[in-house]
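Okay, query-v7.txt now, which holds compact mmCIF, C-alpha atoms:
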# COMPACT_ATOMS: atom_id res chain seq x y z
CA MET A 27 -34.71 -22.19 37.18
CA LEU A 28 -33.09 -23.77 34.11
CA LYS A 29 -33.83 -20.65 32.08
CA LYS A 30 -32.25 -18.43 34.75
CA THR A 31 -29.17 -20.70 34.86
CA LEU A 32 -28.76 -20.55 31.07
CA LEU A 33 -29.15 -16.79 31.05
CA ALA A 34 -26.60 -16.45 33.83
CA ALA A 35 -24.15 -18.67 31.96
CA THR A 36 -24.62 -16.66 28.78
CA ALA A 37 -24.02 -13.41 30.65
CA LEU A 38 -20.88 -14.84 32.26
CA LEU A 39 -19.50 -15.94 28.89
CA ALA A 40 -20.20 -12.49 27.48
CA LEU A 41 -18.33 -10.88 30.36
CA VAL A 42 -15.38 -13.24 29.96
CA GLY A 43 -15.27 -12.60 26.21
CA GLY A 44 -15.48 -8.85 26.78
CA ALA A 45 -12.67 -8.96 29.32
CA ALA A 46 -10.48 -10.97 26.95
CA ALA A 47 -11.08 -8.47 24.17
CA GLN A 48 -10.39 -5.51 26.46
CA ASP A 49 -7.16 -7.06 27.75
CA LEU A 50 -5.40 -7.44 24.40
CA LYS A 51 -1.70 -8.17 24.75
CA GLU A 52 -1.00 -8.55 21.02
CA PHE A 53 -2.58 -6.68 18.13
CA ARG A 54 -2.29 -8.37 14.74
CA VAL A 55 -2.32 -6.22 11.60
CA GLY A 56 -2.72 -7.66 8.12
CA ILE A 57 -1.05 -5.86 5.21
CA LEU A 58 -2.25 -6.55 1.68
CA GLY A 59 0.14 -7.87 -0.94
CA GLY A 60 0.96 -5.85 -4.02
CA GLU A 61 4.12 -4.06 -2.94
CA ASN A 62 7.44 -5.62 -1.95
CA GLU A 63 7.52 -6.83 1.65
CA ALA A 64 10.38 -4.63 2.85
CA ASP A 65 8.58 -1.48 1.72
CA ARG A 66 5.34 -2.53 3.39
CA LEU A 67 6.99 -3.32 6.72
CA ARG A 68 8.95 -0.07 6.65
CA ASN A 69 5.83 1.97 5.90
CA TYR A 70 3.85 0.32 8.71
CA ALA A 71 6.59 0.47 11.37
CA CYS A 72 5.42 3.90 12.59
CA LEU A 73 1.86 2.59 12.96
CA SER A 74 3.12 -0.27 15.11
CA ASP A 75 4.91 2.20 17.38
CA HIS A 76 1.83 4.41 17.70
CA LEU A 77 -0.46 1.46 18.52
CA LYS A 78 1.87 0.25 21.28
CA LYS A 79 2.10 3.71 22.80
CA GLU A 80 -1.62 4.47 22.53
CA PHE A 81 -3.03 1.17 23.77
CA GLY A 82 -0.20 -0.42 25.73
CA PHE A 83 0.03 -3.54 23.57
CA GLU A 84 2.96 -5.74 24.48
CA LYS A 85 3.31 -6.63 20.82
CA VAL A 86 1.98 -5.37 17.49
CA SER A 87 2.50 -8.02 14.84
CA LEU A 88 2.58 -6.98 11.19
CA PHE A 89 1.67 -9.65 8.65
CA PRO A 90 2.52 -8.63 5.07
CA ALA A 91 0.63 -11.29 3.11
CA ALA A 92 1.94 -12.52 -0.22
CA ASP A 93 -1.44 -11.76 -1.79
CA TYR A 94 -4.82 -10.30 -0.90
CA ASP A 95 -6.29 -13.68 -0.01
CA GLY A 96 -3.78 -14.13 2.80
CA VAL A 97 -5.28 -11.17 4.65
CA ILE A 98 -8.84 -12.20 3.78
CA GLN A 99 -8.30 -15.68 5.22
CA GLY A 100 -6.57 -14.25 8.30
CA LEU A 101 -9.59 -12.07 9.07
CA LEU A 102 -12.01 -14.92 8.44
CA GLY A 103 -9.97 -17.32 10.55
CA GLY A 104 -9.50 -14.90 13.44
CA THR A 105 -5.70 -14.76 13.16
CA LEU A 106 -5.77 -11.04 12.28
CA ASP A 107 -7.43 -8.25 14.24
CA PHE A 108 -7.23 -5.38 11.78
CA ALA A 109 -6.48 -4.64 8.14
CA GLU A 110 -7.09 -2.14 5.38
CA LEU A 111 -8.80 -3.88 2.49
CA GLY A 112 -9.86 -2.99 -1.00
CA ALA A 113 -13.60 -2.89 -1.60
CA SER A 114 -13.56 -6.26 -3.38
CA GLY A 115 -11.46 -7.81 -0.61
CA TYR A 116 -13.99 -6.62 1.96
CA ALA A 117 -16.76 -8.01 -0.25
CA ALA A 118 -15.02 -11.40 -0.24
CA VAL A 119 -14.99 -11.40 3.57
CA ALA A 120 -18.58 -10.17 3.85
CA ILE A 121 -19.88 -12.78 1.41
CA LYS A 122 -18.19 -15.64 3.27
CA ASP A 123 -18.97 -14.39 6.79
CA PRO A 124 -20.97 -11.16 7.22
CA LYS A 125 -20.21 -11.20 10.96
CA ALA A 126 -16.42 -11.53 10.70
CA VAL A 127 -15.39 -7.86 10.46
CA THR A 128 -16.80 -4.35 10.50
CA PRO A 129 -15.59 -1.53 8.26
CA ILE A 130 -14.96 1.52 10.43
CA LEU A 131 -13.22 4.06 8.19
CA THR A 132 -12.14 4.76 4.66
CA THR A 133 -9.69 7.23 3.15
CA GLN A 134 -10.74 10.62 1.85
CA GLN A 135 -9.08 11.98 -1.26
CA ALA A 136 -7.53 15.44 -1.43
CA ASP A 137 -10.73 16.77 -3.05
CA GLY A 138 -12.92 15.33 -0.27
CA SER A 139 -14.23 12.37 -2.28
CA THR A 140 -14.21 8.81 -0.96
CA GLY A 141 -13.61 7.09 -4.26
CA TYR A 142 -10.81 6.28 -6.67
CA TYR A 143 -10.32 4.79 -10.13
CA SER A 144 -8.95 1.81 -11.93
CA ILE A 145 -6.75 3.10 -14.73
CA GLY A 146 -5.13 1.31 -17.62
CA LEU A 147 -1.48 2.19 -18.24
CA ALA A 148 0.62 1.39 -21.29
CA LEU A 149 4.04 2.35 -22.58
CA LYS A 150 3.86 5.46 -24.75
CA SER A 151 6.10 3.67 -27.25
CA SER A 152 3.44 0.96 -27.73
CA GLY A 153 1.29 3.34 -29.74
CA ILE A 154 -1.76 2.43 -27.64
CA LYS A 155 -3.74 5.61 -26.99
CA ASN A 156 -7.03 4.17 -25.74
CA ILE A 157 -8.32 0.78 -24.66
CA LYS A 158 -9.74 -0.03 -28.10
CA ASP A 159 -6.23 0.24 -29.53
CA ALA A 160 -5.26 -2.70 -27.29
CA LYS A 161 -7.37 -5.25 -29.18
CA GLY A 162 -5.38 -8.46 -29.58
CA LYS A 163 -2.81 -7.32 -26.99
CA LYS A 164 -1.93 -8.57 -23.48
CA LEU A 165 -3.80 -7.26 -20.45
CA GLY A 166 -2.26 -7.48 -16.99
CA TYR A 167 -4.33 -7.88 -13.82
CA ALA A 168 -3.02 -7.30 -10.28
CA ASP A 169 -4.66 -9.81 -7.92
CA PRO A 170 -7.88 -11.90 -8.09
CA ASP A 171 -9.20 -10.11 -4.97
CA SER A 172 -8.26 -6.61 -6.08
CA THR A 173 -11.06 -4.19 -6.90
CA SER A 174 -9.22 -1.88 -9.29
CA GLY A 175 -6.75 -4.57 -10.35
CA TYR A 176 -9.32 -7.17 -11.38
CA LEU A 177 -13.03 -6.90 -10.48
CA VAL A 178 -13.67 -3.46 -11.98
CA PRO A 179 -11.58 -3.96 -15.17
CA LEU A 180 -13.18 -7.40 -15.63
CA THR A 181 -16.67 -5.93 -15.56
CA GLN A 182 -16.16 -2.39 -16.90
CA ILE A 183 -13.60 -2.63 -19.72
CA PRO A 184 -16.06 -4.71 -21.81
CA LYS A 185 -18.50 -1.79 -21.67
CA ASP A 186 -15.92 0.25 -23.61
CA THR A 187 -14.65 -2.46 -25.95
CA GLY A 188 -17.92 -4.28 -26.60
CA ALA A 189 -16.45 -7.71 -25.79
CA PRO A 190 -15.42 -9.74 -22.73
CA ASN A 191 -11.78 -9.27 -21.84
CA ASP A 192 -10.86 -12.87 -22.62
CA LYS A 193 -12.22 -12.34 -26.14
CA PHE A 194 -11.01 -8.81 -26.81
CA PHE A 195 -7.42 -9.28 -25.63
CA ALA A 196 -5.03 -11.93 -26.93
CA SER A 197 -4.42 -12.94 -23.30
CA THR A 198 -4.88 -11.80 -19.73
CA GLN A 199 -2.70 -12.65 -16.75
CA PHE A 200 -2.28 -11.99 -13.05
CA ASN A 201 1.04 -10.46 -12.11
CA GLY A 202 1.06 -10.79 -8.31
CA GLY A 203 -0.18 -7.42 -7.10
CA HIS A 204 -0.35 -3.82 -8.28
CA GLU A 205 3.35 -3.06 -8.14
CA ASN A 206 4.31 -6.14 -10.16
CA ASN A 207 1.51 -5.47 -12.60
CA LEU A 208 2.58 -1.91 -13.30
CA LEU A 209 6.19 -3.01 -13.69
CA ALA A 210 5.06 -5.76 -16.09
CA ALA A 211 3.65 -3.07 -18.39
CA TYR A 212 6.69 -0.86 -17.89
CA ASP A 213 8.99 -3.75 -18.84
CA GLY A 214 6.86 -4.73 -21.85
CA LYS A 215 5.67 -8.07 -20.44
CA VAL A 216 2.06 -6.97 -20.88
CA ASP A 217 0.70 -4.22 -23.10
CA VAL A 218 -1.77 -2.70 -20.64
CA ALA A 219 -1.75 -2.92 -16.83
CA VAL A 220 -4.70 -1.92 -14.65
CA ASP A 221 -3.78 0.04 -11.54
CA ASP A 222 -5.37 1.87 -8.61
CA SER A 223 -5.27 5.66 -8.72
CA SER A 224 -6.90 8.76 -7.28
CA GLY A 225 -7.00 10.13 -10.81
CA LEU A 226 -6.42 13.55 -9.24
CA GLY A 227 -3.51 15.90 -9.76
CA ASP A 228 -0.82 15.56 -12.41
CA PHE A 229 -0.10 12.43 -14.40
CA LYS A 230 3.61 13.32 -14.31
CA ASP A 231 3.48 12.83 -10.50
CA GLY A 232 1.63 9.53 -10.77
CA TYR A 233 -1.49 11.47 -9.67
CA THR A 234 -1.97 12.14 -5.94
CA SER A 235 -2.19 8.54 -4.70
CA GLY A 236 -2.21 4.92 -5.81
CA THR A 237 0.40 2.41 -6.92
CA PHE A 238 1.40 4.54 -9.91
CA ARG A 239 2.18 7.39 -7.49
CA LYS A 240 4.19 5.08 -5.22
CA GLU A 241 6.30 3.80 -8.10
CA VAL A 242 6.95 7.32 -9.41
CA ASP A 243 7.96 8.47 -5.91
CA LYS A 244 10.37 5.53 -5.61
CA GLY A 245 11.85 6.26 -9.02
CA ALA A 246 10.84 2.81 -10.25
CA VAL A 247 8.99 4.19 -13.29
CA ASP A 248 9.29 7.31 -15.43
CA PRO A 249 5.76 8.68 -16.01
CA ASN A 250 6.94 10.31 -19.24
CA LYS A 251 7.23 6.81 -20.72
CA LEU A 252 3.65 5.88 -19.84
CA VAL A 253 0.18 6.86 -21.00
CA GLU A 254 -3.26 6.38 -19.46
CA VAL A 255 -5.43 4.46 -21.93
CA TRP A 256 -8.50 3.67 -19.82
CA ARG A 257 -10.31 4.87 -16.71
CA SER A 258 -13.16 3.24 -14.80
CA PRO A 259 -16.16 4.83 -13.12
CA LEU A 260 -15.53 5.96 -9.53
CA ILE A 261 -14.90 3.07 -7.08
CA PRO A 262 -15.54 3.24 -3.31
CA ASN A 263 -12.28 3.57 -1.37
CA GLY A 264 -11.49 0.40 0.57
CA PRO A 265 -12.22 0.14 4.30
CA LEU A 266 -10.21 -0.18 7.48
CA VAL A 267 -11.80 -3.20 9.15
CA VAL A 268 -11.78 -4.55 12.70
CA ARG A 269 -12.45 -8.16 13.69
CA ASN A 270 -15.89 -8.21 15.34
CA ALA A 271 -14.75 -10.57 18.10
CA LEU A 272 -12.80 -7.66 19.61
CA GLY A 273 -16.08 -5.99 20.54
CA ASP A 274 -17.60 -2.56 20.10
CA ALA A 275 -15.31 -0.84 22.59
CA TRP A 276 -12.24 -1.64 20.51
CA LYS A 277 -13.98 -0.57 17.32
CA THR A 278 -14.66 2.81 18.92
CA LYS A 279 -11.13 3.20 20.27
CA LEU A 280 -9.52 2.24 16.96
CA THR A 281 -11.85 4.54 15.04
CA ASP A 282 -10.88 7.47 17.23
CA PHE A 283 -7.18 6.61 16.97
CA PHE A 284 -7.13 6.47 13.17
CA LEU A 285 -9.29 9.58 12.77
CA LYS A 286 -6.62 11.51 14.68
CA LEU A 287 -3.60 9.92 12.97
CA PRO A 288 -3.40 12.32 9.98
CA THR A 289 -3.03 15.15 12.51
CA THR A 290 -0.93 13.44 15.17
CA ASP A 291 1.53 12.03 12.62
CA ALA A 292 0.93 13.16 9.05
CA LYS A 293 4.14 11.49 7.88
CA CYS A 294 3.04 8.09 9.23
CA PHE A 295 -0.43 8.50 7.74
CA SER A 296 1.13 9.23 4.35
CA ALA A 297 3.48 6.27 4.67
CA ILE A 298 0.78 3.68 5.33
CA GLU A 299 -1.65 5.10 2.77
CA GLY A 300 0.85 6.05 0.09
CA GLY A 301 0.17 9.44 -1.41
CA ASP A 302 -1.71 12.66 -0.72
CA PHE A 303 -4.94 11.91 1.17
CA LYS A 304 -7.00 14.35 3.22
CA GLY A 305 -7.67 11.91 6.05
CA TYR A 306 -10.10 9.21 7.15
CA VAL A 307 -13.89 9.36 7.37
CA LYS A 308 -16.35 6.98 9.00
CA VAL A 309 -17.98 4.37 6.81
CA THR A 310 -20.67 1.69 7.19
CA PRO A 311 -21.08 -1.71 5.52
CA ASP A 312 -23.80 -0.28 3.26
CA PHE A 313 -21.16 1.80 1.46
CA TYR A 314 -19.92 -1.43 -0.14
CA ASN A 315 -23.23 -3.07 -1.08
CA ALA A 316 -22.80 -2.32 -4.79
CA VAL A 317 -19.32 -3.85 -4.85
CA ILE A 318 -20.58 -6.92 -3.00
CA ASP A 319 -23.32 -7.33 -5.59
CA VAL A 320 -20.88 -6.95 -8.50
CA ARG A 321 -18.46 -9.45 -6.98
CA LYS A 322 -21.22 -12.00 -6.38
CA ALA A 323 -22.35 -11.69 -9.98
CA ALA A 324 -18.92 -11.65 -11.61
CA ILE A 325 -16.68 -13.98 -9.60
CA GLY A 326 -18.61 -15.17 -6.56
CA GLY A 327 -17.15 -15.12 -3.05
The structure in this file should be written as structure tokens.
Amino acid sequence: MLKKTLLAATALLALVGGAAAQDLKEFRVGILGGENEADRLRNYACLSDHLKKEFGFEKVSLFPAADYDGVIQGLLGGTLDFAELGASGYAAVAIKDPKAVTPILTTQQADGSTGYYSIGLALKSSGIKNIKDAKGKKLGYADPDSTSGYLVPLTQIPKDTGAPNDKFFASTQFNGGHENNLLAAYDGKVDVAVDDSSGLGDFKDGYTSGTFRKEVDKGAVDPNKLVEVWRSPLIPNGPLVVRNALGDAWKTKLTDFFLKLPTTDAKCFSAIEGGDFKGYVKVTPDFYNAVIDVRKAAIGG
């Protein structure tokens, strides 16, 4: 009898939890740091409108965090329902709580690939032509939880220079996100800045996507004054993640919604992703196992 009572109670709780998840009044979206807040909110406004119309939410709250960790902690703490993370940011969440979120989709580049690069950019006037020329110079990182702006350069640049970054460069520093990091190089505050990029298309356009492309499109940097001095191996594109407490039904509905977005509103898709992407494709947690392993080894959770 006791066993039946416990099973009945468990089933009731599951039903209550499922009903609560189905009856969402507010949907909370985390937006990574790295670009100024006004731009991020403007780019995501169309997504907010679409989510309200599609799912009948009374409110879609956009949370542009000051840094990557703000979104990571929001997902871990249950104060955010959805976000697009970098691979290292997802790894940070998965290491701390493997049951917190599920990656559902990732972006697909114009050539059909699901990866991108970390690139090193320097002023052409600096005379730096490749990463070895930057010995004894200043290296700028984006954010401690950025894949292309920290984890990959931290672990991969030494393979090209033959020395750890803190030994090869005179100094390294975080500049508060990708946009600030690129501008730090452009303004001569650091000699080389590492940035996210598709690596596809023309350098003079800032390539097809990434922070470099965004800054070129905004007119914030002149690509003719910059040079690419380093490129990483291919990195898995970051995932769109959903808080697991919402349940499988919401994961399915959100997956379907985002898969259609590039067709239903190509302009909105381009605004939130920044650049020329083909669309979204489904992804599983296993896609990020290598990044999780590298993060554990290099910087921990």
Practice item. For Phe53 of chain A, work out the shell of residues within 12 Å, counting only C-alpha atoms and skipping chain neighbours fewer than 6 positions away, then give it as a PyMOL selection string. Key: chain A and resi 47+73-78+81-89+104-109+268-269+272+276+280
Review point. Between A:Asp274, A:Asp231, A:Asp221, A:Asp282, which has the minimum distance to Asp243 of chain A (counting all atoms listed in the file)?
Key: A:Asp231
Which residues, written as a CSV table (one decimal) with C-alpha atoms, in the frame of the given file, have at least one atom at most 10 Å from Gly162 of chain A, with only C-alpha atoms counted and residues fewer than 4 positions away on the same chain left out?
chain,number,residue,atom,x,y,z
A,158,LYS,CA,-9.7,0.0,-28.1
A,192,ASP,CA,-10.9,-12.9,-22.6
A,193,LYS,CA,-12.2,-12.3,-26.1
A,194,PHE,CA,-11.0,-8.8,-26.8
A,195,PHE,CA,-7.4,-9.3,-25.6
A,196,ALA,CA,-5.0,-11.9,-26.9
A,197,SER,CA,-4.4,-12.9,-23.3
A,217,ASP,CA,0.7,-4.2,-23.1
Review point. From the set A:Asn156, A:Ser144, A:Ser139, A:Gln182, which residue has the shortest atom-to-atom contact distance to Gly236 of chain A, counting only C-alpha atoms?
Key: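 Result for the nearest residue to Gly236 of chain A: A:Ser144.
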Exercise for review: Quick one: pull the distance between atom CA of Thr278 of chain A and atom CA of Thr133 of chain A, Å, one decimal.
Suggested key: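 These atoms are spaced 17.1 Å apart.
Distances here use only C-alpha atoms; by that measure, the residue among A:Ala210, A:Ser224, A:Pro184, A:Ser114 closest to Val320 of chain A is A:Ser114.
Within 9 Å of Ile145 of chain A, once only C-alpha atoms are used and residues closer than 2 positions along the same chain are dropped, the contacting residues are Tyr143, Leu147, Ser174, Gly175, Pro179, Ala219, Val220, Asp221, Asp222, Ser223, Gly225, Glu254, Val255, Trp256, Arg257 and Ser258 of chain A.
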At a cut-off of 9 Å from (-2.6, -6.7, -22.1) in the coordinates of the file, what residues are picked up using only C-alpha atoms, written as a short mmCIF file (atom, residue, chain, number, x, y, z; two decimals) with C-alpha atoms, in the coordinates of the input?
data_model
loop_
_atom_site.label_atom_id
_atom_site.label_comp_id
_atom_site.auth_asym_id
_atom_site.auth_seq_id
_atom_site.Cartn_x
_atom_site.Cartn_y
_atom_site.Cartn_z
CA ALA A 148 0.62 1.39 -21.29
CA ALA A 160 -5.26 -2.70 -27.29
CA LYS A 161 -7.37 -5.25 -29.18
CA GLY A 162 -5.38 -8.46 -29.58
CA LYS A 163 -2.81 -7.32 -26.99
CA LYS A 164 -1.93 -8.57 -23.48
CA LEU A 165 -3.80 -7.26 -20.45
CA GLY A 166 -2.26 -7.48 -16.99
CA TYR A 167 -4.33 -7.88 -13.82
CA PHE A 195 -7.42 -9.28 -25.63
CA ALA A 196 -5.03 -11.93 -26.93
CA SER A 197 -4.42 -12.94 -23.30
CA THR A 198 -4.88 -11.80 -19.73
CA GLN A 199 -2.70 -12.65 -16.75
CA ALA A 211 3.65 -3.07 -18.39
CA LYS A 215 5.67 -8.07 -20.44
CA VAL A 216 2.06 -6.97 -20.88
CA ASP A 217 0.70 -4.22 -23.10
CA VAL A 218 -1.77 -2.70 -20.64
CA ALA A 219 -1.75 -2.92 -16.83
#
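You can rank A:Leu208, A:Ala324, A:Val267, A:Ile154 by their closest distance to Ile98 of chain A using all atoms listed in the file, and at the top of that list sits A:Val267.
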**Study point:** Of the listed residues A:Pro311, A:Pro262, A:Pro190, A:Gly56, that which approaches Lys125 of chain A most closely, counting only C-alpha atoms
**Key:** A:Pro311
Practice item. Might you pull out every residue within 12 Å of Gly227 of chain A, with all atoms listed in the file counted and same-chain residues fewer than 6 positions away left off, and present them as a list of chain:residue names? Key: A:Gln135, A:Ala136, A:Asp137, A:Tyr233, A:Thr234, A:Ser235, A:Gly236, A:Arg239, A:Gly301, A:Asp302, A:Phe303
Practice item. Kindly indicate which residue among A:Ala316, A:Cys294, A:Thr128, A:Gly202 lies nearest to Thr281 of chain A, using only C-alpha atoms for the distances. Key: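 Closest to Thr281 of chain A of all the choices is A:Thr128.
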Practice item. Using all atoms listed in the file, collect all residues at a distance of at most 12 Å from (-17.4, 1.0, 2.8) as written in the file, then present them as a ChimeraX atom specification. Key: /A:110-117,120,127-134,140-141,261-267,306-318
Just C-alpha atoms for this one: save the residues we selected as a short mmCIF file (atom, residue, chain, number, x, y, z; two decimals), in the frame of the given file.
data_model
loop_
_atom_site.label_atom_id
_atom_site.label_comp_id
_atom_site.auth_asym_id
_atom_site.auth_seq_id
_atom_site.Cartn_x
_atom_site.Cartn_y
_atom_site.Cartn_z
CA GLU A 110 -7.09 -2.14 5.38
CA LEU A 111 -8.80 -3.88 2.49
CA GLY A 112 -9.86 -2.99 -1.00
CA ALA A 113 -13.60 -2.89 -1.60
CA SER A 114 -13.56 -6.26 -3.38
CA GLY A 115 -11.46 -7.81 -0.61
CA TYR A 116 -13.99 -6.62 1.96
CA ALA A 117 -16.76 -8.01 -0.25
CA ALA A 120 -18.58 -10.17 3.85
CA VAL A 127 -15.39 -7.86 10.46
CA THR A 128 -16.80 -4.35 10.50
CA PRO A 129 -15.59 -1.53 8.26
CA ILE A 130 -14.96 1.52 10.43
CA LEU A 131 -13.22 4.06 8.19
CA THR A 132 -12.14 4.76 4.66
CA THR A 133 -9.69 7.23 3.15
CA GLN A 134 -10.74 10.62 1.85
CA THR A 140 -14.21 8.81 -0.96
CA GLY A 141 -13.61 7.09 -4.26
CA ILE A 261 -14.90 3.07 -7.08
CA PRO A 262 -15.54 3.24 -3.31
CA ASN A 263 -12.28 3.57 -1.37
CA GLY A 264 -11.49 0.40 0.57
CA PRO A 265 -12.22 0.14 4.30
CA LEU A 266 -10.21 -0.18 7.48
CA VAL A 267 -11.80 -3.20 9.15
CA TYR A 306 -10.10 9.21 7.15
CA VAL A 307 -13.89 9.36 7.37
CA LYS A 308 -16.35 6.98 9.00
CA VAL A 309 -17.98 4.37 6.81
CA THR A 310 -20.67 1.69 7.19
CA PRO A 311 -21.08 -1.71 5.52
CA ASP A 312 -23.80 -0.28 3.26
CA PHE A 313 -21.16 1.80 1.46
CA TYR A 314 -19.92 -1.43 -0.14
CA ASN A 315 -23.23 -3.07 -1.08
CA ALA A 316 -22.80 -2.32 -4.79
CA VAL A 317 -19.32 -3.85 -4.85
CA ILE A 318 -20.58 -6.92 -3.00
#
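From atom CA of Thr237 of chain A back to atom CA of Glu61 of chain A, the distance works out to 8.5 Å.
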Check your understanding: What is the atom CA of Lys279 of chain A-atom CA of Asp95 of chain A distance in Å, reported with one decimal?
Key ->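 Separation between atom CA of Lys279 of chain A and atom CA of Asp95 of chain A: 26.8 Å.
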